[in-house]
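Working notes, structure below.
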Amino acid sequence: MEGLGDAPSPRRERSASTGRSRDGGSGRVARRNLSGEVVDRIRALIFDGTLKAGQRVPQDTIARDLGVSRLPVREALISLEAEGLVVSEPHRGTYVVPILQEDIADHYRVYGMAQGLAARRAATRITEPTMARLKQLHELMRKTEDESELHSLNWEFHALINQTGGSRRLLSVLRQLARNLPREVYEVAPGADPEASRDHQELIEALEAADGARADTLSRQHMAREADYVIAKLKRDGILADDLD
Ligand SMILES: [Zn+2]
C-alpha cells in the first residue's frame with residue numbers, strides 16, 4: 001500500500017520526519033524495508049499461533065526479540081491492520097483479529113482470479129522459449145523429490161505465466177497477494193501432488209492451444225486446490241477461529 005500514492009496519514013508523516021532527522025536523510029528506505037520485515041515476522045507469529053486471536057500484541061517484546069525500536073513495530077501494526085490481521089483500540093493496544101476459514105478461502109479465490117487473468121492473456125502472448133521453459137519446469141517438478149526445490153520450480157512456473165500475461169498493475173496485485181500469507185503457510189501444499197501436476201500439464205496444453213478461457217479456469221482451480229491444503233493445515237494447527245470440528 002505504501003508508495004502507491006495514498007495520502008500519508010499524519011502519523012506516518014510524523015514518523016517519516018523522525019526517521020529523516022535521526023538518519024540524516026539516508027535511512028528512510030532502509031527503515032521502510034525494516035518495517036516490511038517486521039510486518040512479515042509479526043504475520044508469521046499470527047499464522048503459527050504464537051500470537052492468538054484476541055491477544056494484545058506485545059509490542060515491546062516483539063521489538064526486543066527482533067532487535068528493533070518500537071517505531072518499526074508500530075508501523076508494521078498499521079500495515080497489518082490494513083490487511084485485517086490486527087485491530088488497534090485507542091488507549092488500549094493492538095489486538096490479533098480471529099482468522100476465519102472464509103478469509104483464507106477468499107484470499108485464494110482472489111489470487112486464483114488474478115492469476116487466471118494473467119494466464120488468459122498469456123495464452124495469446126506466450127513465446128516459444130517461454131513455452132519450452134514451462135515444459136522443462138513441469139518435467140523437473142515431476143522428477144525431483146526435494147520439497148524446497150519443488151516449491152521454487154513451482155514458483156518460477158507461475159511467475160513466468162504471470163509475467164507473460166500480467167500488466168504492471170496486475171503484477172503489483174499479485175506481489176501483494178503473495179506476501180499476504182507467510183511462506184511457511186502456503187508452502188504446505190505438496191509440490192509433488194498428482195492433481196497439481198495434472199493442473200500444470202493442462203495449463204501448458206491450454207496455453208499452447210491459445211485457449212485463454214481454459215487457462216483462466218485451470219488457474220482458479222489450481223489455487224482452490226492450494227486453498228484446501230492451507231485451510232487443512234491451519235485447522236490442524238488450531239489457527240482458524242471458526243473451526244468447530
Ligand atoms: Zn502450481
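Residues in the C-alpha cells are numbered from 1 in each chain, the chains being A, B, ... in the order shown, and ligands are numbered from 1 in the order shown.
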#### Entry: Shell around Ile99 in chain A at 10 Å using only C-alpha atoms, local window under 3 positions removed, as a list in words
Ile46, Phe47, Lys52, Ala53, Gly84, Leu85, Val86, Val96, Glu102, Asp103, Ile104, Leu234, Ile239, Leu240, Ala241, Asp242 and Asp243 of chain A
Neighbouring residues of ligand 1 are defined here as those with any atom at most 8 Å from a ligand atom, counting only C-alpha atoms and all ligand atoms; list them as an mmCIF file with N, CA and C atoms, in the first residue's frame.
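Heads up, here's the output in part.cif:
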```
data_model
loop_
_atom_site.group_PDB
_atom_site.id
_atom_site.type_symbol
_atom_site.label_atom_id
_atom_site.label_comp_id
_atom_site.auth_asym_id
_atom_site.auth_seq_id
_atom_site.Cartn_x
_atom_site.Cartn_y
_atom_site.Cartn_z
ATOM 1 N N ASN A 154 7.948 -24.525 -8.842
ATOM 2 C CA ASN A 154 6.536 -24.162 -8.967
ATOM 3 C C ASN A 154 6.379 -22.634 -8.997
ATOM 4 N N TRP A 155 7.183 -21.991 -8.147
ATOM 5 C CA TRP A 155 7.141 -20.530 -8.098
ATOM 6 C C TRP A 155 7.515 -19.936 -9.459
ATOM 7 N N PHE A 157 7.407 -21.406 -12.387
ATOM 8 C CA PHE A 157 6.387 -21.798 -13.372
ATOM 9 C C PHE A 157 5.269 -20.746 -13.408
ATOM 10 N N HIS A 158 4.736 -20.437 -12.219
ATOM 11 C CA HIS A 158 3.616 -19.493 -12.185
ATOM 12 C C HIS A 158 4.073 -18.058 -12.442
ATOM 13 N N GLY A 191 4.279 -30.046 -3.579
ATOM 14 C CA GLY A 191 4.544 -29.792 -4.991
ATOM 15 C C GLY A 191 4.371 -31.045 -5.820
ATOM 16 N N ALA A 196 -1.996 -31.422 -8.679
ATOM 17 C CA ALA A 196 -1.326 -30.166 -9.021
ATOM 18 C C ALA A 196 -0.524 -30.355 -10.297
ATOM 19 N N SER A 197 0.118 -31.522 -10.414
ATOM 20 C CA SER A 197 0.914 -31.812 -11.597
ATOM 21 C C SER A 197 0.027 -31.883 -12.842
ATOM 22 N N ASP A 199 -2.793 -30.263 -13.201
ATOM 23 C CA ASP A 199 -3.140 -28.864 -13.498
ATOM 24 C C ASP A 199 -2.055 -28.218 -14.358
ATOM 25 N N HIS A 200 -0.798 -28.437 -13.962
ATOM 26 C CA HIS A 200 0.318 -27.836 -14.704
ATOM 27 C C HIS A 200 0.321 -28.329 -16.149
ATOM 28 N N HIS A 222 -6.485 -24.436 -9.730
ATOM 29 C CA HIS A 222 -5.189 -24.744 -9.130
ATOM 30 C C HIS A 222 -5.061 -24.036 -7.771
ATOM 31 N N MET A 223 -5.505 -22.797 -7.693
ATOM 32 C CA MET A 223 -5.413 -22.055 -6.442
ATOM 33 C C MET A 223 -6.444 -22.546 -5.428
#
```
### Task
Identify, on the basis of only C-alpha atoms, every residue whose closest approach to range 130-135 of chain A does not exceed 9 Å; exclude the query and any residue fewer than 5 positions from it along the same chain; express the result as an NGL selection string.
:A and (140 or 156-158 or 160-161 or 164 or 200-201 or 204 or 207-208)
Residue subset to file, keeping N, CA and C atoms, as a short mmCIF file (atom, residue, chain, number, x, y, z; two decimals), in the first residue's frame:
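Final file, again02.cif:
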```
data_model
loop_
_atom_site.label_atom_id
_atom_site.label_comp_id
_atom_site.auth_asym_id
_atom_site.auth_seq_id
_atom_site.Cartn_x
_atom_site.Cartn_y
_atom_site.Cartn_z
N LEU A 140 10.87 -31.05 -14.54
CA LEU A 140 11.73 -31.04 -13.35
C LEU A 140 10.90 -31.26 -12.08
N GLU A 156 8.60 -20.47 -10.05
CA GLU A 156 9.04 -19.94 -11.35
C GLU A 156 8.02 -20.22 -12.44
N PHE A 157 7.41 -21.41 -12.39
CA PHE A 157 6.39 -21.80 -13.37
C PHE A 157 5.27 -20.75 -13.41
N HIS A 158 4.74 -20.44 -12.22
CA HIS A 158 3.62 -19.49 -12.19
C HIS A 158 4.07 -18.06 -12.44
N LEU A 160 6.39 -17.12 -14.44
CA LEU A 160 6.56 -16.98 -15.89
C LEU A 160 5.23 -16.67 -16.58
N ILE A 161 4.20 -17.40 -16.19
CA ILE A 161 2.87 -17.17 -16.78
C ILE A 161 2.37 -15.78 -16.40
N THR A 164 4.16 -13.14 -18.30
CA THR A 164 3.80 -13.14 -19.72
C THR A 164 2.47 -12.41 -19.94
N HIS A 200 -0.80 -28.44 -13.96
CA HIS A 200 0.32 -27.84 -14.70
C HIS A 200 0.32 -28.33 -16.15
N GLN A 201 0.14 -29.65 -16.31
CA GLN A 201 0.11 -30.24 -17.65
C GLN A 201 -1.01 -29.62 -18.50
N ILE A 204 -0.33 -26.01 -19.46
CA ILE A 204 0.59 -25.94 -20.60
C ILE A 204 -0.18 -26.18 -21.90
N LEU A 207 -2.35 -23.18 -22.81
CA LEU A 207 -1.54 -22.06 -23.31
C LEU A 207 -1.07 -22.36 -24.73
N GLU A 208 -0.71 -23.60 -24.97
CA GLU A 208 -0.24 -23.99 -26.30
C GLU A 208 -1.36 -23.89 -27.33
#
```
Do you know which residues are at most 10 Å from range 112-120 of chain A counting only C-alpha atoms, after dropping those on the same chain fewer than 4 positions away, and could you put them as a PDB file with C-alpha atoms, in the first residue's frame?
```
ATOM      1  CA  ASP A 106     -11.311 -15.687  -0.308  1.00  0.00           C
ATOM      2  CA  HIS A 107      -7.592 -14.958  -0.344  1.00  0.00           C
ATOM      3  CA  TYR A 108      -7.119 -17.888  -2.706  1.00  0.00           C
ATOM      4  CA  THR A 124      -2.253 -15.341 -26.749  1.00  0.00           C
ATOM      5  CA  ARG A 125       1.106 -13.781 -25.930  1.00  0.00           C
ATOM      6  CA  ILE A 126       3.341 -16.645 -24.928  1.00  0.00           C
ATOM      7  CA  HIS A 158       3.616 -19.493 -12.185  1.00  0.00           C
ATOM      8  CA  ALA A 159       5.788 -16.368 -12.193  1.00  0.00           C
ATOM      9  CA  LEU A 160       6.563 -16.978 -15.888  1.00  0.00           C
ATOM     10  CA  ILE A 161       2.873 -17.171 -16.785  1.00  0.00           C
ATOM     11  CA  ASN A 162       2.100 -14.114 -14.650  1.00  0.00           C
ATOM     12  CA  GLN A 163       4.881 -12.095 -16.240  1.00  0.00           C
ATOM     13  CA  THR A 164       3.798 -13.141 -19.720  1.00  0.00           C
ATOM     14  CA  GLY A 165       0.181 -12.104 -19.297  1.00  0.00           C
ATOM     15  CA  GLY A 166       0.121  -9.666 -16.413  1.00  0.00           C
ATOM     16  CA  SER A 167       0.035  -5.893 -16.737  1.00  0.00           C
ATOM     17  CA  LEU A 170      -1.799  -6.902 -12.119  1.00  0.00           C
ATOM     18  CA  LEU A 171       1.756  -7.944 -11.230  1.00  0.00           C
ATOM     19  CA  VAL A 173      -1.550  -7.001  -7.068  1.00  0.00           C
ATOM     20  CA  LEU A 174      -0.050 -10.496  -7.404  1.00  0.00           C
ATOM     21  CA  LEU A 177      -1.161 -11.274  -2.564  1.00  0.00           C
ATOM     22  CA  LEU A 203      -2.286 -25.381 -18.182  1.00  0.00           C
ATOM     23  CA  ALA A 206      -4.303 -24.638 -22.782  1.00  0.00           C
ATOM     24  CA  LEU A 207      -1.536 -22.063 -23.315  1.00  0.00           C
ATOM     25  CA  ALA A 210      -4.128 -20.347 -27.102  1.00  0.00           C
ATOM     26  CA  ASP A 211      -7.234 -21.250 -25.087  1.00  0.00           C
ATOM     27  CA  GLY A 212      -7.382 -18.307 -22.682  1.00  0.00           C
ATOM     28  CA  ALA A 213     -10.697 -19.247 -21.095  1.00  0.00           C
ATOM     29  CA  ARG A 214      -9.399 -22.713 -20.243  1.00  0.00           C
ATOM     30  CA  ALA A 215      -6.122 -21.305 -18.852  1.00  0.00           C
ATOM     31  CA  ASP A 216      -8.172 -18.955 -16.670  1.00  0.00           C
ATOM     32  CA  THR A 217     -10.374 -21.773 -15.303  1.00  0.00           C
ATOM     33  CA  LEU A 218      -7.371 -24.015 -14.642  1.00  0.00           C
ATOM     34  CA  SER A 219      -5.554 -21.244 -12.760  1.00  0.00           C
ATOM     35  CA  ARG A 220      -8.525 -20.707 -10.479  1.00  0.00           C
ATOM     36  CA  GLN A 221      -8.903 -24.453  -9.923  1.00  0.00           C
ATOM     37  CA  HIS A 222      -5.189 -24.744  -9.130  1.00  0.00           C
ATOM     38  CA  MET A 223      -5.413 -22.055  -6.442  1.00  0.00           C
ATOM     39  CA  ALA A 224      -8.596 -23.559  -4.991  1.00  0.00           C
ATOM     40  CA  GLU A 226      -3.878 -24.875  -2.670  1.00  0.00           C
ATOM     41  CA  ALA A 227      -6.551 -23.215  -0.521  1.00  0.00           C
TER      42      ALA A 227
END
```
### Task
Extract the full set of strand (DSSP E) residues from range 51-182 of chain A according to DSSP on the backbone, and format it as a ChimeraX atom specification.
/A:86-89,93-96
Can you spit out the residues from that selection as a short mmCIF file (atom, residue, chain, number, x, y, z; two decimals), in the first residue's frame, using C-alpha atoms?
```cif
data_model
loop_
_atom_site.label_atom_id
_atom_site.label_comp_id
_atom_site.auth_asym_id
_atom_site.auth_seq_id
_atom_site.Cartn_x
_atom_site.Cartn_y
_atom_site.Cartn_z
CA VAL A 86 -4.96 -6.85 13.82
CA VAL A 87 -7.14 -4.07 15.16
CA SER A 88 -5.95 -1.21 17.30
CA GLU A 89 -8.09 0.19 20.08
CA GLY A 93 -3.42 -1.52 22.43
CA THR A 94 -3.45 -3.60 19.27
CA TYR A 95 -5.18 -6.97 19.22
CA VAL A 96 -4.99 -10.03 16.97
#
```
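A straight line drawn from CA of Lys233 in chain A to CA of Tyr186 in chain A is 9.4 Å long.
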### Task
Can you check which residues of range 13-233 of chain A DSSP gives as helix (DSSP H, G or I) on the backbone and send them as a PyMOL selection string?
chain A and resi 13-23+28-47+59-66+70-82+101-125+128-143+147-165+168-179+183-186+194-208+212-233
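Note that CA of Gly36 in chain A and CA of Ser172 in chain A are 15.8 Å apart.
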### Task
Please identify all polymer residues within 8 Å of range 68-70 of chain A, counting only C-alpha atoms, omitting same-chain residues fewer than 5 positions from it, and present them as a count of residues only.
3
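For range 37-42 of chain A, the non-local neighbours within 9 Å, defined as residues at least 4 positions apart in the same chain or in other chains and counting only C-alpha atoms, are Arg32, Asn33, Ile46, Phe47, Leu51, Ile62, Ala63, Leu66, Val68, Pro72, Val73, Glu75, Ala76, Leu77, Ser79, Leu80, Arg179, Asn180, Leu181 and Pro182 of chain A.
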Residues from the last selection, C-alpha atoms, saved as a tab-separated table (two decimals), in the first residue's frame:
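As written to disk, selection_17.tsv reads:
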```tsv
chain	number	residue	atom	x	y	z
A	32	ARG	CA	10.71	1.21	5.29
A	33	ASN	CA	12.27	-2.16	4.43
A	46	ILE	CA	-0.03	-14.83	13.96
A	47	PHE	CA	-0.20	-17.68	11.44
A	51	LEU	CA	0.06	-14.68	18.76
A	62	ILE	CA	8.49	-8.06	19.71
A	63	ALA	CA	10.77	-5.03	19.35
A	66	LEU	CA	13.68	-8.57	16.68
A	68	VAL	CA	14.48	-3.08	16.57
A	72	PRO	CA	9.00	-0.09	13.02
A	73	VAL	CA	6.79	-2.32	15.18
A	75	GLU	CA	4.41	0.97	11.63
A	76	ALA	CA	4.16	-2.76	10.97
A	77	LEU	CA	0.96	-2.89	13.01
A	79	SER	CA	0.11	-2.23	7.76
A	80	LEU	CA	-1.23	-5.38	9.43
A	179	ARG	CA	3.09	-11.51	0.67
A	180	ASN	CA	-0.24	-11.67	2.47
A	181	LEU	CA	0.34	-15.21	3.67
A	182	PRO	CA	3.60	-16.33	5.29
```
### Query
Counting only C-alpha atoms, which of A:Thr127, A:Gln101, A:Ser35, A:Thr50 gets nearest to Asp228 in chain A?
A:Gln101
